[in-house]
Structure formats: structure tokens, C-alpha cells
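Peer 1: The following block contains the structure, expressed as C-alpha cells.
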Amino acid sequence: MSVDSATTRQEHSGSRASSVLRWGLPALVIAGAGAAWEAAVRLLDVERWLLPPPTAIGAELVESRDLLLRHTWVTLGEVLLGFALACVVGVTIAGAIAYSRLVERAVYPFVIASQTVPVIVIAPLLLIWIGYGIWPKVIVVVLLSFFPIVVNTVDGLKSADPDLLRMMRTLGANRWQLFVKVQAPSCLPYLFSGLRVAIALSVIGAVVGEWVGASEGLGYLMTRSAPQFLTDRVFASMFILSVMGVALFLLVVLTERYAVPWQTRGRRDEALGDSSVRR
Amino acid sequence: MTGGSERKLVDAVPTPKIELDGVAQDFSLHGNTLPVLRGVDLRVHDGEFVSIIGPSGCGKSTLLNLIAGLEEPSLGRILVDGRQVSRRLGTVGYMHQKDLLLPWRSVLDNAVLGPELMGKQRSQARTSALALMEPFGLEGFERSYPAQLSGGMRQRVAFLRTVLADQEVILLDEPFGALDALTRVGMQEWLLGLWESWSKTVVLVTHDVEEAVLLSDRVYVFTPRPGTVKAAFAIDLPRPRRYEMVTDAAFVEIKARALAALREDEAPAGAGGAATSAVLRTEVSQ
């Protein structure tokens with residue numbers, strides 16, 4: 001993970017070298033691919049509406065920044081609102097499934113079935129039922145991203161070591177204490193695995209929602225720009241979407257680092273081979 | 001029988017801290033009933049260090065689960081201070097072979113778990129925990145996470161947690177079983193010093209005869225499953241004990257007798273049982 005190197009203490013020359021490798025290598029690959037793309041387009045004299053060179057996309061990003069930014073905020077709002085709702089819905093359903101076999105039998109099949117129906121089929125229906133505006137997009141985001149949260153949280157809540165729970169009981173713990181002090185913390189790493197998948201799906205969900213019917217947002221901008229052969233604008237939108245996706249993903253990883261420090265700290269010491277800590 | 005003769009001798013002594021009276025435990029497996037313990041009579045007195053040795057799978061861990069209150073026996077009674085308490089959970093400390101530290105808590109926060117669960121004041125628990133960091137060899141590691149510690153250190157944190165829970169009886173289920181030989185000896189000596197100054201009632205389950213003889217006042221030897229008491233030895237070696245004593249003649253003799261009782265399994269039960277009862281009587285009356 002690229003973030004590991006950012007927080008690792010830098011006095012270790014070994015980790016500095018690996019940090020250069022971690023950041024430098026992807027940068028090098030991107031620069032190389034961009035240069036090859038630019039050269040191919042120029043040498044073969046490809047029309048700009050067919051495949052714009054990276055420089056043209058960069059120029060479009062600067063020239064149309066007001067337009068792009070306006071649509072970016074709309075999409076970002078849908079992503080964040082949908083992701084937040086997916087967290088609430090996902091964790092609630094997972095809690096009910098983990099603590100009641102009845103709910104598990106009654107609800108889990110529908111949770112799974114909800115993922116077998118393609119979202120692209122549901123989106124137009126939402127348009128018919130709810131109309132335009134932000135909510136059909138938010139619902140698509142929730143539908144896509146609540147599933148990994150539910151599945152991982154259910155596993156996480158069931159993952160608590162039974163021996164740990166027995167030890168807590170011999171110390172006199174009641175059921176609520178078992179949940180707060182053992183089951184909930186045991187679940188956190190699983191929850192964050194789900195959140196990392198969910199945030200990536202949220203961006204896709206928002207664009208799919210806008211694709212089907214919208215009057216603003218980056219997905220809408222792309223559907224409007226393509227028939228006008230504004231190919232550089234389509235690419236500029238795609239660029240912004242991937243930056244948004246990566247940034248949100250890293251935000252989740254950073255939150256995990258803060259919320260689950262016991263895992264990351266132990267791992268870090270092991271990575272440093274810090275023998276002075278052990279005895 | 002063994003149990004009867006011992007009970008007569010014990011009557012003269014004050015009420016045992018822990019008393020098991022004809023305890024049996026069965027497990028259901030695919031519809032079959034599997035007897036794990038049969039007719040276990042066992043007494044542990046206040047401040048006594050008692051070990052239970054037996055072949056693996058003789059139900060030693062089940063026995064500790066019963067005493068701790070994690071399970072209820074199919075038959076028989078378990079008395080604490082002469083009373084049959086319905087809820088033993090929380091009154092008897094239990095230390096497992098695994099350290100069972102909460103990975104998301106620092107050393108200090110793991111140590112104060114017992115008082116915390118009992119609703120005691122956190123600041124007071126922390127103060128007494130910090131005072132014990134040095135004797136437990138954990139000074140400077142109060143803020144570390146378990147993943148950053150060695151196996152021996154983690155086990156000492158688990159001990160500290162057990163001690164701070166301040167339960168009068170402590171059950172130890174092969175607490176050194178997962179450690180390497182050298183660390184194990186160090187931990188045994190350390191536990192000896194700790195127990196001799198704390199004078200808690202301790203029940204230790206182990207399959208290491210030397211460990212049992214070195215640490216205990218009395219040793220119970222169990223039969224293979226279904227487990228029951230086959231023999232009991234009083235270990236009248238002087239205290240304080242040191243690890244060097246394992247080569248003393250008296251130590252070697254007791255160890256040899258305990259080993260013989262343990263390995264008697266192959267011989268028919270009748271003859272061996274009578275011999276062990278004789279040993280038991282002489283040992284306990286001393």
C-alpha cells in the first residue's frame with residue numbers, strides 16, 4: 001500500500017528506498033504510457049475527436065475547469081451521500097443478520113438477490129418512480145455499495161475468537177460488554193475491507209445513475225459530450241472520476257489507519273525488523 | 001476407594017476453597033454421549049497450589065471450565081467456600097494456554113480489564129497496574145500493543161490481568177505450554193516467586209510432571225478419558241523453591257513416583273490403584 005511508506009519513520013534507509021520505489025514506479029509507468037500515447041497520436045496524425053493526446057486533455061481540464069468543477073461537485077455529492085447511507089444501511093442489516101438466525105434466514109437471500117439484478121436495469125425504473133434529481137442516483141450508489149459492507153460486517157461480527165469471549169466471561173463480562181469490548185473491535189478490520197470496496201463502487205454507481213437520466217454531474221457531461229465529438233471533454237471527465245475514486249479510497253485507508261491502529265502498528269514494526277522492541 | 005479415605009483426613013481441616021464432589025461431565029457428539037469426566041472428587045484449600053497432571057485428552061481443560069463456571073456438570077456438585085454458587089463466572093480467575101490479550105488494547109488497558117468489567121474506577125485500576133509493571137517485567141511497554149511483544153511478555157501481561165482481577169482462585173491451563181523450553185523455565189521461576197509472595201489459591205493443569213512437582217503443594221494424577229482422580233501426592237519439598245532443586249534427590253524421587261502413577265495406564269487398574277491409595281494416605285497425613 002502506498003500509504004504505508006508515508007507514515008513509516010523515514011530514518012530507516014531501507015524504507016526510504018522502498019518508498020521511492022512505491023511512489024516512483026507508478027509515476028514512471030504513467031509518464032511512460034502518456035508519452036507513448038502522445039507520440040502515437042502525433043506521429044499517426046490521429047484526429048482529435050477520435051483520440052485526443054494527453055496534452056489536449058490537459059488543456060481541456062484547464063480551459064473548461066468551471067464547467068467540469070460544477071459537475072464534479074454534483075457527482076461527489078451523490079457519491080458521498082450514497083456511501084454514507086450505504087454504511088448506515090449495511091451495518092444495520094449486518095448487525096441484525098449476525099445476532100438473529102431468523103433475520104439471517106429471512107433477509108440474507110434478498111441481500112444476495114439484490115446483487116444479481118443488474119443495476120443498469122434498476123436505474124431506469126428508479127427514474128420512473130422517483131423522477132430526476134439527486135435521489136435516483138443516490139439509491140443506485142446505495143444499491144451497489146451496501147452489499148460488500150453487509151457481507152464483510154457479518155463475517156466480522158462472527159469472527160470474534162470464542163476463547164477471547166470465554167476469557168471475558170470468566171472476568172465477569174455481561175453480553176453488552178462482550179459486544180462493545182470484543183465483538184465490535186474484532187469486526188472493524190472486516191468492516192474496513194468492505195468500505196474500501198464500497199467506496200470504489202460508489203463512484204461507479206453515481207456515474208451509472210447519471211448515465212440513465214440526469215441534468216448534471218460528470219456522468220451526464222460525458223453522455224452529452226460524446227455525441228458532440230467533444231472527446232477530450234469525455235477523457236477529462238474520466239480523469240477527474242479516477243482521481244476522485246483514488247482520493248476517496250485513500251481517505252478510507254487513512255481512516256482505517258486511525259481507527260484500527262493495533263493492526264497497522266504491529267505490521268509496521270515487523271516491516272522495520274525492529275528487534276529492540278522484542279525481548 | 002481413594003476419595004473416601006481422603007475425605008476423612010480432610011474433615012479435620014477448614015472448609016476447602018474449592019470442592020468437587022462426584023463430578024461427571026458428558027459431551028454429546030453426533031447423538032452419542034461421550035463421557036469426559038467420571039466421579040471426580042477433588043479439594044483445593046485456601047492458599048494452596050494444586051496441580052493436575054494426566055494424559056492428553058483426559059478432560060483436564062473441561063475440569064477447569066467447570067470450576068470457572070463456563071460449564072455446568074452433568075452430575076455432582078462444585079462448592080466454593082463450602083457453598084454451591086449458581087454463578088461462578090467472575091469469581092474464579094482463568095488463565096489459558098493462549099495469552100488471549102485484546103489486540104486493540106495497549107498492555108496497560110489489557111491489564112486493567114478485570115476491574116473495568118467489574119465497574120471499578122479506571123484511574124485506580126491504572127495506578128495499581130502501573131505499580132506492577134516493573135515486577136512483571138513490563139516496564140516501558142505500558143503503551144505497546146500485544147503484537148509488538150514477545151510470547152513470554154504477552155503471557156506476563158495475561159498474568160498481570162489475572163492478578164489484577166483480584167479473584168481468590170486462579171486456574172492455569174498449561175500457561176507455559178506454548179513457550180520454548182528456556183523461556184518456560186524462566187516463567188516457572190518467576191511464577192514461583194510471584195505465588196509465594198501473593199499466596200493465592202492456584203489450580204494448574206499441565207502435562208509436564210517436573211513443572212507440577214516444582215510448583216505445587218499437591219499433585220492430582222488423572223486417568224485417560226473418562227478422566228478421574230487416580231492418585232494424589234503431597235509435595236513436601238521446602239519453600240521457597242528454586243529451579244535448581246529439580247536435581248535434588250528428594251525432588252527426583254517424588255517426580256519418579258508421579259511419573260510411575262501417570263504411566264500406570266497400561267497396567268490393569270486393580271493392583272496399581274491399591275498401591276497408589278497407600279501412597280496417597282502416607283503423603284497426605286504428613
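Following the order of the C-alpha cells, first chain is A, next is B, and so on, with residues numbered from 1 inside each chain and ligands from 1 in the order they appear.
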Write out as an mmCIF file with C-alpha atoms, in the first residue's frame which residues come within 8 Å of Thr75 of chain A when counting only C-alpha atoms, dropping same-chain ones fewer than 6 positions away.

Peer 2:
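Written file, around-v3.cif:
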data_model
loop_
_atom_site.group_PDB
_atom_site.id
_atom_site.type_symbol
_atom_site.label_atom_id
_atom_site.label_comp_id
_atom_site.auth_asym_id
_atom_site.auth_seq_id
_atom_site.Cartn_x
_atom_site.Cartn_y
_atom_site.Cartn_z
ATOM 1 C CA ALA A 206 -23.135 7.659 -9.278
ATOM 2 C CA VAL A 207 -21.970 7.688 -12.917
ATOM 3 C CA GLY A 217 -22.915 15.550 -12.951
ATOM 4 C CA LEU A 218 -19.860 14.125 -14.686
ATOM 5 C CA GLY A 219 -21.786 11.106 -15.999
#

Peer 1: Got a sec to pull out which chain B residues are within 6 Å of chain A, counting only C-alpha atoms, and send them as a JSON list (two decimals) with N, CA and C atoms, in the first residue's frame?

Peer 2:
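What follows is the written file result-v9.json:
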[["chain", "number", "residue", "atom", "x", "y", "z"],
["B", 89, "LEU", "N", -18.98, -17.66, 37.40],
["B", 89, "LEU", "CA", -18.32, -16.77, 36.44],
["B", 89, "LEU", "C", -18.00, -15.43, 37.08],
["B", 90, "GLY", "N", -16.76, -15.01, 36.95],
["B", 90, "GLY", "CA", -16.36, -13.73, 37.51],
["B", 90, "GLY", "C", -15.73, -13.86, 38.88],
["B", 100, "LEU", "N", -4.55, -14.66, 25.06],
["B", 100, "LEU", "CA", -5.89, -14.06, 24.93],
["B", 100, "LEU", "C", -5.92, -12.59, 25.30],
["B", 104, "TRP", "N", -6.46, -4.89, 20.29],
["B", 104, "TRP", "CA", -6.67, -3.46, 20.06],
["B", 104, "TRP", "C", -6.43, -2.66, 21.34],
["B", 114, "GLY", "N", -10.04, -6.66, 34.15],
["B", 114, "GLY", "CA", -10.85, -7.24, 35.23],
["B", 114, "GLY", "C", -11.58, -6.20, 36.04],
["B", 117, "LEU", "N", -14.33, -4.43, 33.97],
["B", 117, "LEU", "CA", -15.57, -5.17, 33.75],
["B", 117, "LEU", "C", -16.41, -5.23, 35.01],
["B", 147, "ALA", "N", 0.79, -7.14, 19.75],
["B", 147, "ALA", "CA", 1.51, -7.61, 18.56],
["B", 147, "ALA", "C", 2.98, -7.20, 18.57],
["B", 148, "GLN", "N", 3.32, -6.20, 19.41],
["B", 148, "GLN", "CA", 4.70, -5.73, 19.45],
["B", 148, "GLN", "C", 5.54, -6.47, 20.49],
["B", 149, "LEU", "N", 4.92, -7.40, 21.24],
["B", 149, "LEU", "CA", 5.62, -8.08, 22.33],
["B", 149, "LEU", "C", 5.97, -9.51, 21.96],
["B", 150, "SER", "N", 6.97, -10.07, 22.69],
["B", 150, "SER", "CA", 7.34, -11.47, 22.51],
["B", 150, "SER", "C", 6.32, -12.34, 23.25]]

Peer 1: Of the candidates B:Phe176, B:Val50, B:Glu72, B:Gly31, which shows the shortest atom-to-atom distance to Ile235 of chain B, using only C-alpha atoms?

Peer 2: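 With only C-alpha atoms as the atom set, the closest residue is B:Val50.
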
Peer 1: Which polymer residues have any atom within 10 Å of an atom of segment 238-241 of chain A, counting only C-alpha atoms, with same-chain residues fewer than 4 positions away left out, as a PyMOL selection string?

Peer 2: chain A and resi 57-58+61+68-69+72+75-76+203-204+207+218-219+222+232-234+245-247

Peer 1: Mind the document's chain letters and residue numbers, and return as an NGL selection string the residues of segment 76-131 of chain B that DSSP labels strand (DSSP E or B).

Peer 2: :B and (76-80 or 83 or 92-95)

Peer 1: Keeping only C-alpha atoms, write the selected residues as a tab-separated table (two decimals), in the first residue's frame.

Peer 2:
chain	number	residue	atom	x	y	z
B	76	GLY	CA	-22.14	-33.96	41.08
B	77	ARG	CA	-21.53	-30.69	42.90
B	78	ILE	CA	-18.96	-27.92	42.76
B	79	LEU	CA	-18.59	-25.96	46.00
B	80	VAL	CA	-16.78	-22.67	46.51
B	83	ARG	CA	-21.35	-23.25	49.18
B	92	VAL	CA	-12.69	-17.65	39.62
B	93	GLY	CA	-9.78	-16.39	37.53
B	94	TYR	CA	-8.84	-18.45	34.47
B	95	MET	CA	-5.62	-18.25	32.51

Peer 1: Quick one: of A:Thr116, A:Lys137, A:Tyr99, A:Ser145, who's nearest to Arg175 of chain A, counting only C-alpha atoms?

Peer 2: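 Closest residue, counting only C-alpha atoms: A:Tyr99.
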
Peer 1: Quick one: pull the distance between atom CA of Pro73 of chain B and atom CA of Ala24 of chain B, Å, one decimal.

Peer 2: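 Taking atom CA of Pro73 of chain B as the start and atom CA of Ala24 of chain B as the end point, the length is 6.0 Å.
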
Peer 1: Neighbours of segment 156-163 of chain B within 6 Å (only C-alpha atoms; same-chain residues fewer than 3 positions away dropped), as a PDB file with N, CA, C and O atoms, in the first residue's frame?

Peer 2:
ATOM      1  N   ASP B  99      -2.459 -16.420  25.366  1.00  0.00           N
ATOM      2  CA  ASP B  99      -2.485 -15.256  26.248  1.00  0.00           C
ATOM      3  C   ASP B  99      -3.826 -14.523  26.196  1.00  0.00           C
ATOM      4  O   ASP B  99      -4.212 -13.872  27.146  1.00  0.00           O
ATOM      5  N   ALA B 111      -4.324  -5.014  30.969  1.00  0.00           N
ATOM      6  CA  ALA B 111      -4.100  -5.416  32.360  1.00  0.00           C
ATOM      7  C   ALA B 111      -5.280  -5.037  33.255  1.00  0.00           C
ATOM      8  O   ALA B 111      -5.615  -5.772  34.177  1.00  0.00           O
ATOM      9  N   MET B 153       6.497 -12.171  27.085  1.00  0.00           N
ATOM     10  CA  MET B 153       5.969 -10.903  27.611  1.00  0.00           C
ATOM     11  C   MET B 153       4.450 -10.884  27.553  1.00  0.00           C
ATOM     12  O   MET B 153       3.791 -10.440  28.483  1.00  0.00           O
ATOM     13  N   ASP B 166      -8.073  -9.814  40.753  1.00  0.00           N
ATOM     14  CA  ASP B 166      -8.190  -9.998  42.193  1.00  0.00           C
ATOM     15  C   ASP B 166      -9.238 -11.043  42.571  1.00  0.00           C
ATOM     16  O   ASP B 166     -10.023 -10.845  43.474  1.00  0.00           O
TER      17      ASP B 166
END
